[in-house]
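Novice: Can you keep this structure in mind? I'll have questions shortly.
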Amino acid sequence: MSQKTKNQKNTENKNRGWFYFNISLRVLHALFLVAISLLVLGGSLALGIGAGYFAFLVEDTAAPSKDELQKELTDITETSQLAYADGSKIATIRSDLMRTSVNSDQISDYLKKAIIATEDEYFNIHNGVVPKAVVRALLSEATGFGGSGGSTLTQQLVKQQILSSETTFKRKANEILLAMEVEKFFDKDEIVTMYLNISPFGRNNKGQNIAGVQEAAQGIFGVNAADLSLPQAAFIAGLPQSPIVYSPYTNTGEIKENLTAGLERKDFVLFSMYRNHDITKEEYEEALNYDLKQDFKKQEAIEQTDQSFLYYTVLNEAKDIIAKQLADEDDVSDEEYAKDETYQKYFELAQQKLVNGGYTVTSTIDKDIYNAMQDAVDKYGYMLDNWGDSTIEVGNVMMDNATGKVLGFIGGRNYADNQFNHAFDAKRQAGSSIKPMLVYGPAIESGLMGSESMVSDYAAKWRTGENAGEPIVNATNRGTNTFMSIRESLEVSSNIAATNIFQDLWEKEGDHFYAYSNYLSKMGYPEDNSWAYESAPLGVTDVTVLNQTNGFQTFANNGVYQQGYIIESIKDNEGEVLYQHEAKPVQVFSEATASIMTDMMRSVIDEQKTSSFKSVISGLDWNLGNADWVGKTGSTNNWSDSWLVVSTPSITISSWSGRDDNKATDSAAGTRTANYMAYLINRIYQTNQEVFGVNQKFELSSDVKKAQVSKFTGTQPGGTVRVDNRTYTNPSSTVTSYWATGGPDTVDFKFGLGGSDANYADYWKKASSSRSTNRSSNTSSNNASNNVTPTANDDDDDEQENNQPNTNDDDD
């Protein structure tokens with residue numbers, strides 16, 4: 001083959017090779033373009049599918065408004081506290097978590113920079129999310145490999161406050177959406193401040209769980225969040241990642257033996273701040289070398305001031321107030337709310353709010369008065385004991401007459417031994433201490449009698465009920481077999497006299513429940529059928545010490561009832577008032593009736609026929625003894641209950657004492673009560689002399705009607721009556737009788753309240769016989785000019801009540 005032919009073949013082979021090469025390049029190029037197109041199409045498809053899936057995941061999440069986000073992001077568990085009237089702290093309401101919110105300017109800039117550098121280095125430039133971090137986190141959650149990560153401070157805030165901690169695509173998608181909404185409505189400083197206020201920070205030096213930087217700063221270093229040093233701020237900023245592990249304290253508040261984990265975490269935070277140019281190299285090295293262990297607070301015991309009657313009384317009253325507010329917000333009717341199931345539901349909700357709401361509950365309790373009362377019961381409570389086989393318990397309440405504020409109280413002898421609150425929760429028979437509110441006040445108000453009208457104290461029997469036919473008894477007798485003035489019947493606390501007045505009041509008004517419906521119910525006394533018993537004046541109805549205090553407060557306050565209360569206000573952490581007590585005065589008795597009653601109850605204390613209180617307190621402090629004391633005693637069968645309630649124009653203070661098992665004490669119970677009360681009041685007086693108003697006096701109202709009446713009959717002087725065909729002259733010796741309405745009648749054979757015809761005939765005859773024997777004595781008797789004086793129980797022991805309930809409502 002010629003050389004030419006060979007060259008041609010070689011050229012053809014080369015051309016054919018280039019041809020195939022070019023074809024291959026074109027094919028590869030086409031394939032590449034196809035691949036690129038497929039990738040673009042696939043990416044677009046994936047992006048579209050992803051966007052669609054994201055939209056599907058968040059379709060149920062409505063975009064919240066700024067106000068809605070503000071409420072949810074700041075709705076945090078905060079420590080609440082109870083306070084005295086002057087604002088000083090009673091106790092922190094116990095919670096599993098201690099938290100106190102602070103404003104941005106109350107947080108150290110070191111701390112803000114530390115938390116950003118450590119938890120979210122792009123915080124100041126992102127809009128709530130970092131895309132690459134989100135992709136990394138989603139891949140991690142999808143594959144199960146690698147750490148989750150990816151959450152900005154804003155996302156963490158949303159997760160803690162709005163969403164759950166579950167690791168699902170739906171939760172993450174909602175987190176992203178809400179984080180972007182948060183960034184739209186709030187600036188960066190607001191977001192980091194909210195984050196620092198809600199995040200957990202382990203334990204404090206008392207072993208309590210803490211949250212929020214203020215509790216962390218105080219509980220770990222003993223400083224405010226605004227005053228943290230650089231190393232302190234770095235340590236606190238490192239805690240949220242693993243609060244319990246990094247905390248320097250055990251669950252008892254003891255400093256851990258090994259603090260390495262928390263201190264190494266602090267060093268990491270410092271390095272992150274240096275890397276982020278938040279601090280200089282010199283600041284970094286100085287903080288790194290600082291011995292932070294010396295700053296940790298020493299272990300402290302949790303304050304036990306909340307373990308007391310005061311803590312639980314104020315707390316439970318606050319719960320009741322908030323529970324009712326919550327029920328009202330839900331339009332729950334009073335009838336429905338009264339059901340135990342409904343009440344308990346709202347009571348539990350109220351408890352959650354109080355424990356976690358950052359509230360301040362301000363009470364009416366005067367700190368000094370309350371402490372003086374606790375000191376008194378500790379020192380003088382033994383005076384109540386009769387040295388039997390059981391402690392004599394006690395309940396006391398001190399109330400401001402004008403407002404109803406409870407200034408102080410005693411729940412019992414010793415909270416550690418007996419947690420039952422005898423001032424507010426114990427319900428005991430009132431004995432004769434109920435007579436002013438149930439009998440004498442209503443009878444004077446109705447015009448049935450004046451202060452010197454006469455009432456029978458002749459022996460009498462119960463007319464109705466299970467005790468029908470049995471004698472009505474006084475403390476030492478079954479009747480003095482004479483008539484006595486209304487004033488004296490109160491002084492000696494005659495059960496027969498009180499029953500006679502009560503029965504005549506029934507007949508006058510025609511209503512067994514007249515006194516309760518028109519008077520006691522307005523003063524907060526419990527509704528009970530026993531108010532209609534014939535024996536009701538002897539105090540058969542169960543009442544609390546608070547009830548009785550409020551009843552006497554009404555008389556001392558010119559007949560105006562001011563409901564006794566112990567909560568002045570409830571405020572949230574921002575100072576917004578959630579509850580403020582509003583006075584709702586009720587004019588129960590006229591001013592005239594109230595002033596007549598205080599005048600007669602002054603005689604009860606001054607004459608000392610049922611209590612030696614005045615002598616004892618005057619012996620302790622002459623000036624205090626000269627205060628215008630008014631009041632009433634009371635006791636029940638076998639002296640199971642002993643009462644003494646006294647008032648000055650300024651305050652009312654009450655005392656009940658007895659055994660929790662209701663067993664008998666002895667006849668000296670009234671004397672013991674008088675001694676104890678005198679010492680209790682004197683102890684309070686040494687603390688606060690102004691509160692008693694010792695220079696004030698009870699005055700008769702200007703509309704009180706004053707009438708001169710016969711001491712013998714309580715009627716207008718003069719006149720005659722016929723008894724067994726014999727004429728008797730109404731003795732002329734007079735006394736001033738006080739009337740709220742009406743006035744004395746002219747003399748009649750049956751001139752008084754209660755008593756039979758035979759009783760009146762006997763009384764007239766005794767008067768005649770006495771005049772024949774001693775004509776020269778015409779003015780010396782308190783009851784009559786005939787020197788016929790009732791033989792009252794004059795010793796210091798209080799009257800004993802025959803207080804068996806009478807279950808028959810008939811008048812007969």
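Just so we're on the same page: first chain in the structure tokens is A, next is B, and so on; residues restart at 1 for each chain, and ligands are numbered from 1 in the order they show up.
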Residues within 8 Å of A:Lys705, please, as a list in words. Count only C-alpha atoms; anything in the same chain fewer than 4 positions from it doesn't count.

Specialist: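 So the residues in contact are Tyr738, Trp739, Ala740, Thr741 and Gly743 of chain A.
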
Novice: Which polymer residues have any atom within 8 Å of an atom of stretch 426-428 of chain A, counting only C-alpha atoms, with same-chain residues fewer than 4 positions away left out, as number ranges by chain?

Specialist: A: 420-422, 541-545, 641

Novice: Given the selection you just returned, output its residues as a file containing C-alpha atoms, formatted as a short mmCIF file (atom, residue, chain, number, x, y, z; two decimals), in the first residue's frame.

Specialist:
data_model
loop_
_atom_site.label_atom_id
_atom_site.label_comp_id
_atom_site.auth_asym_id
_atom_site.auth_seq_id
_atom_site.Cartn_x
_atom_site.Cartn_y
_atom_site.Cartn_z
CA PHE A 420 -56.87 23.70 114.75
CA ASN A 421 -57.66 27.41 114.50
CA HIS A 422 -59.90 28.23 117.46
CA THR A 541 -76.16 27.84 118.61
CA ASP A 542 -72.60 27.18 117.50
CA VAL A 543 -70.66 30.30 116.54
CA THR A 544 -67.03 31.24 115.94
CA VAL A 545 -64.93 33.67 117.92
CA ASP A 641 -67.10 26.88 127.08
#

Novice: Set the distance at 9 Å and use only C-alpha atoms: which residues neighbour A:Met449 once local chain neighbours fewer than 2 positions away are removed? I'd like the list as a compact mmCIF listing (two decimals) with N, CA and C atoms, in the first residue's frame.

Specialist:
# COMPACT_ATOMS: atom_id res chain seq x y z
N TYR A 440 -81.37 41.27 124.08
CA TYR A 440 -81.49 42.62 124.61
C TYR A 440 -81.52 43.68 123.51
N ALA A 443 -84.84 43.58 121.57
CA ALA A 443 -85.96 43.98 122.42
C ALA A 443 -85.98 45.49 122.64
N ILE A 444 -84.82 46.09 122.82
CA ILE A 444 -84.75 47.54 122.98
C ILE A 444 -85.08 48.23 121.65
N GLU A 445 -84.56 47.68 120.56
CA GLU A 445 -84.82 48.27 119.23
C GLU A 445 -86.31 48.27 118.90
N SER A 446 -87.01 47.23 119.32
CA SER A 446 -88.43 47.10 118.99
C SER A 446 -89.32 47.94 119.89
N GLY A 447 -88.74 48.51 120.94
CA GLY A 447 -89.54 49.29 121.89
C GLY A 447 -90.22 48.44 122.93
N SER A 451 -84.06 50.45 129.51
CA SER A 451 -82.95 49.89 130.29
C SER A 451 -83.36 49.56 131.72
N GLU A 452 -84.40 50.23 132.25
CA GLU A 452 -84.80 49.99 133.63
C GLU A 452 -86.19 49.37 133.73
N SER A 453 -86.68 48.85 132.60
CA SER A 453 -87.92 48.08 132.67
C SER A 453 -87.66 46.86 133.55
N MET A 454 -88.74 46.20 133.99
CA MET A 454 -88.59 45.08 134.92
C MET A 454 -88.90 43.76 134.23
N ILE A 486 -83.98 45.42 133.74
CA ILE A 486 -83.32 44.88 132.54
C ILE A 486 -81.81 45.02 132.67
N ILE A 501 -87.69 37.70 128.32
CA ILE A 501 -87.62 38.78 127.33
C ILE A 501 -87.77 38.21 125.92
N TYR A 738 -83.58 54.32 129.80
CA TYR A 738 -83.25 54.72 128.43
C TYR A 738 -84.07 53.89 127.45
N TRP A 739 -84.67 54.59 126.50
CA TRP A 739 -85.48 53.93 125.47
C TRP A 739 -85.00 54.34 124.08
N ALA A 740 -84.98 53.37 123.18
CA ALA A 740 -84.66 53.68 121.78
C ALA A 740 -85.90 54.16 121.05
N THR A 741 -87.02 53.59 121.41
CA THR A 741 -88.30 53.98 120.83
C THR A 741 -89.38 53.64 121.85
N GLY A 742 -90.54 54.31 121.75
CA GLY A 742 -91.59 54.08 122.72
C GLY A 742 -91.23 54.71 124.05
N GLY A 743 -91.74 54.15 125.13
CA GLY A 743 -91.49 54.70 126.45
C GLY A 743 -92.26 53.93 127.49
N PRO A 744 -92.08 54.27 128.73
CA PRO A 744 -92.73 53.52 129.83
C PRO A 744 -94.24 53.75 129.84
N GLY A 752 -94.25 44.17 134.09
CA GLY A 752 -92.95 43.79 133.54
C GLY A 752 -93.05 42.76 132.43
N LEU A 753 -91.93 42.14 132.15
CA LEU A 753 -91.84 41.11 131.13
C LEU A 753 -91.77 39.75 131.81

Novice: Write down as a PyMOL selection string the residues belonging to stretch 288-535 of chain A that are assigned helix (DSSP H, G or I) by DSSP computed on the backbone.

Specialist: chain A and resi 288+292-295+309-329+334-337+340-356+367-384+431-445+486-491+495-509+514-518+520-523+529-532

Novice: Hey, which of A:Lys66, A:Lys609, A:Arg94, A:His581 ends up closest to A:Val492? Count only C-alpha atoms.

Specialist: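 Closest residue, counting only C-alpha atoms: A:Lys609.
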
Novice: Show which residues sit within 9 Å of stretch 121-131 of chain A, as a list of chain:residue names. Count only C-alpha atoms, and ignore same-chain residues fewer than 3 positions away.

Specialist: A:Ile115, A:Ile116, A:Ala117, A:Thr118, A:Val134, A:Val135, A:Arg136, A:Gly150, A:Ser151, A:Thr152, A:Leu153, A:Thr154, A:Gln155, A:Ile176, A:Leu177, A:Leu178, A:Ala179, A:Met180, A:Glu181, A:Val182, A:Glu183, A:Lys184, A:Lys188, A:Ser272, A:Asn276

Novice: I'd like to know which residues of stretch 444-509 of chain A are strand (DSSP E) (by DSSP, run on the backbone); could you write them as a list of chain:residue names?

Specialist: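 Written out, the strand (DSSP E) residues of stretch 444-509 of chain A are A:Met454, A:Val455, A:Ser456, A:Phe483, A:Met484, A:Ser485.
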
Novice: Can those selected residues be exported to a file as a compact mmCIF listing (two decimals), in the first residue's frame so that it contains N, CA and C atoms?

Specialist:
# COMPACT_ATOMS: atom_id res chain seq x y z
N MET A 454 -88.74 46.20 133.99
CA MET A 454 -88.59 45.08 134.92
C MET A 454 -88.90 43.76 134.23
N VAL A 455 -88.19 42.72 134.65
CA VAL A 455 -88.38 41.40 134.09
C VAL A 455 -88.38 40.38 135.23
N SER A 456 -89.17 39.35 135.06
CA SER A 456 -89.30 38.33 136.10
C SER A 456 -88.08 37.44 136.19
N PHE A 483 -88.62 40.41 140.77
CA PHE A 483 -88.43 41.09 139.49
C PHE A 483 -87.15 41.92 139.59
N MET A 484 -86.43 42.02 138.49
CA MET A 484 -85.22 42.84 138.47
C MET A 484 -85.24 43.72 137.23
N SER A 485 -84.44 44.77 137.26
CA SER A 485 -84.40 45.66 136.10
C SER A 485 -83.70 44.96 134.94

Novice: Enter the distance from atom CA of A:Val245 to atom CA of A:Arg203, in Å, rounded to one decimal.

Specialist: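 We find that atom CA of A:Val245 and atom CA of A:Arg203 lie 10.0 Å from each other.
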
Novice: Hey, which of A:Asp320, A:Lys663, A:Met383, A:Asn371 ends up closest to A:Leu349? Count only C-alpha atoms.

Specialist: A:Asp320

Novice: Interatomic distance between atom CA of A:Ser635 and atom CA of A:Thr665?

Specialist: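 Spanning atom CA of A:Ser635 to atom CA of A:Thr665 is a straight-line distance of 10.7 Å.
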
Novice: To one decimal place, how far is atom CA of A:Tyr565 from atom CA of A:Thr364 in Å?

Specialist: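 These two atoms are separated by 7.5 Å.
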
Novice: Using only C-alpha atoms, determine which residues lie at most 8 Å from stretch 85-88 of chain A, disregarding the query and same-chain residues fewer than 2 positions distant; provide the list as a PyMOL selection string.

Specialist: chain A and resi 83+90+362-367+568

Novice: Using only C-alpha atoms, pick whichever of A:Leu270, A:Leu680, A:Val616, A:Ile198 has the shortest atom-to-atom distance to A:Ile653.

Specialist: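 The shortest atom-to-atom distance to A:Ile653 comes from A:Leu680.
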
Novice: If we count only C-alpha atoms and set the cut-off at 9 Å, which residues sit around A:Ala216, ignoring sequence neighbours fewer than 3 positions away in its own chain? Please answer as number ranges by chain.

Specialist: A: 99, 200-204, 210-213, 219-222, 224-225, 236

Novice: Got time to write the residues from that selection, N, CA and C atoms, as a CSV table (one decimal), in the first residue's frame?

Specialist:
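Writing the result to result.csv gives the following:
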chain,number,residue,atom,x,y,z
A,99,ARG,N,-39.3,32.1,92.1
A,99,ARG,CA,-39.0,32.9,91.0
A,99,ARG,C,-39.5,34.4,91.3
A,200,PRO,N,-34.8,28.2,84.0
A,200,PRO,CA,-34.4,27.6,85.3
A,200,PRO,C,-32.9,27.7,85.6
A,201,PHE,N,-32.6,27.9,86.8
A,201,PHE,CA,-31.2,28.1,87.2
A,201,PHE,C,-30.7,27.2,88.4
A,202,GLY,N,-31.4,26.0,88.5
A,202,GLY,CA,-30.9,25.0,89.5
A,202,GLY,C,-31.5,25.3,90.8
A,203,ARG,N,-30.6,25.3,91.8
A,203,ARG,CA,-31.0,25.4,93.2
A,203,ARG,C,-30.3,26.6,93.9
A,204,ASN,N,-30.9,27.1,95.0
A,204,ASN,CA,-30.3,28.1,95.8
A,204,ASN,C,-29.6,27.5,97.0
A,210,ILE,N,-34.9,27.2,91.7
A,210,ILE,CA,-35.1,28.6,91.4
A,210,ILE,C,-35.2,28.8,89.9
A,211,ALA,N,-35.8,29.9,89.5
A,211,ALA,CA,-35.9,30.3,88.1
A,211,ALA,C,-35.8,31.8,88.1
A,212,GLY,N,-35.4,32.3,86.9
A,212,GLY,CA,-35.2,33.7,86.8
A,212,GLY,C,-33.9,34.2,87.4
A,213,VAL,N,-33.3,35.2,86.7
A,213,VAL,CA,-31.9,35.5,87.1
A,213,VAL,C,-31.9,36.3,88.5
A,219,GLY,N,-29.9,33.9,95.3
A,219,GLY,CA,-29.8,32.5,95.9
A,219,GLY,C,-28.4,31.9,95.8
A,220,ILE,N,-27.6,32.4,94.9
A,220,ILE,CA,-26.3,31.8,94.8
A,220,ILE,C,-25.2,32.7,95.3
A,221,PHE,N,-25.3,34.0,94.9
A,221,PHE,CA,-24.2,34.9,95.3
A,221,PHE,C,-24.7,36.0,96.3
A,222,GLY,N,-26.0,36.1,96.6
A,222,GLY,CA,-26.5,37.1,97.6
A,222,GLY,C,-26.4,38.5,97.1
A,224,ASN,N,-28.1,41.3,93.8
A,224,ASN,CA,-29.1,41.5,92.8
A,224,ASN,C,-28.6,41.2,91.4
A,225,ALA,N,-29.5,40.9,90.5
A,225,ALA,CA,-29.1,40.5,89.1
A,225,ALA,C,-28.3,41.7,88.5
A,236,ILE,N,-23.8,32.0,86.1
A,236,ILE,CA,-25.2,31.9,86.0
A,236,ILE,C,-25.7,31.7,84.6

Novice: From the options A:Met437, A:Met398, A:Leu644, A:Ala664, which residue's atoms come nearest to A:Ala594, counting only C-alpha atoms?

Specialist: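 Answer, going by the shortest atom-to-atom distance: A:Met437.
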
Novice: Here is a test: counting only C-alpha atoms, which residue of A:Val394, A:Ala233, A:Gly559, A:Lys765 is nearest to A:Tyr380?

Specialist: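 Smallest separation from A:Tyr380 among the options: A:Val394.
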
Novice: Using only C-alpha atoms, pick whichever of A:Val646, A:Thr313, A:Pro471, A:Gly754 has the shortest atom-to-atom distance to A:Trp506.

Specialist: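 So, comparing all the options, the nearest one is A:Gly754.
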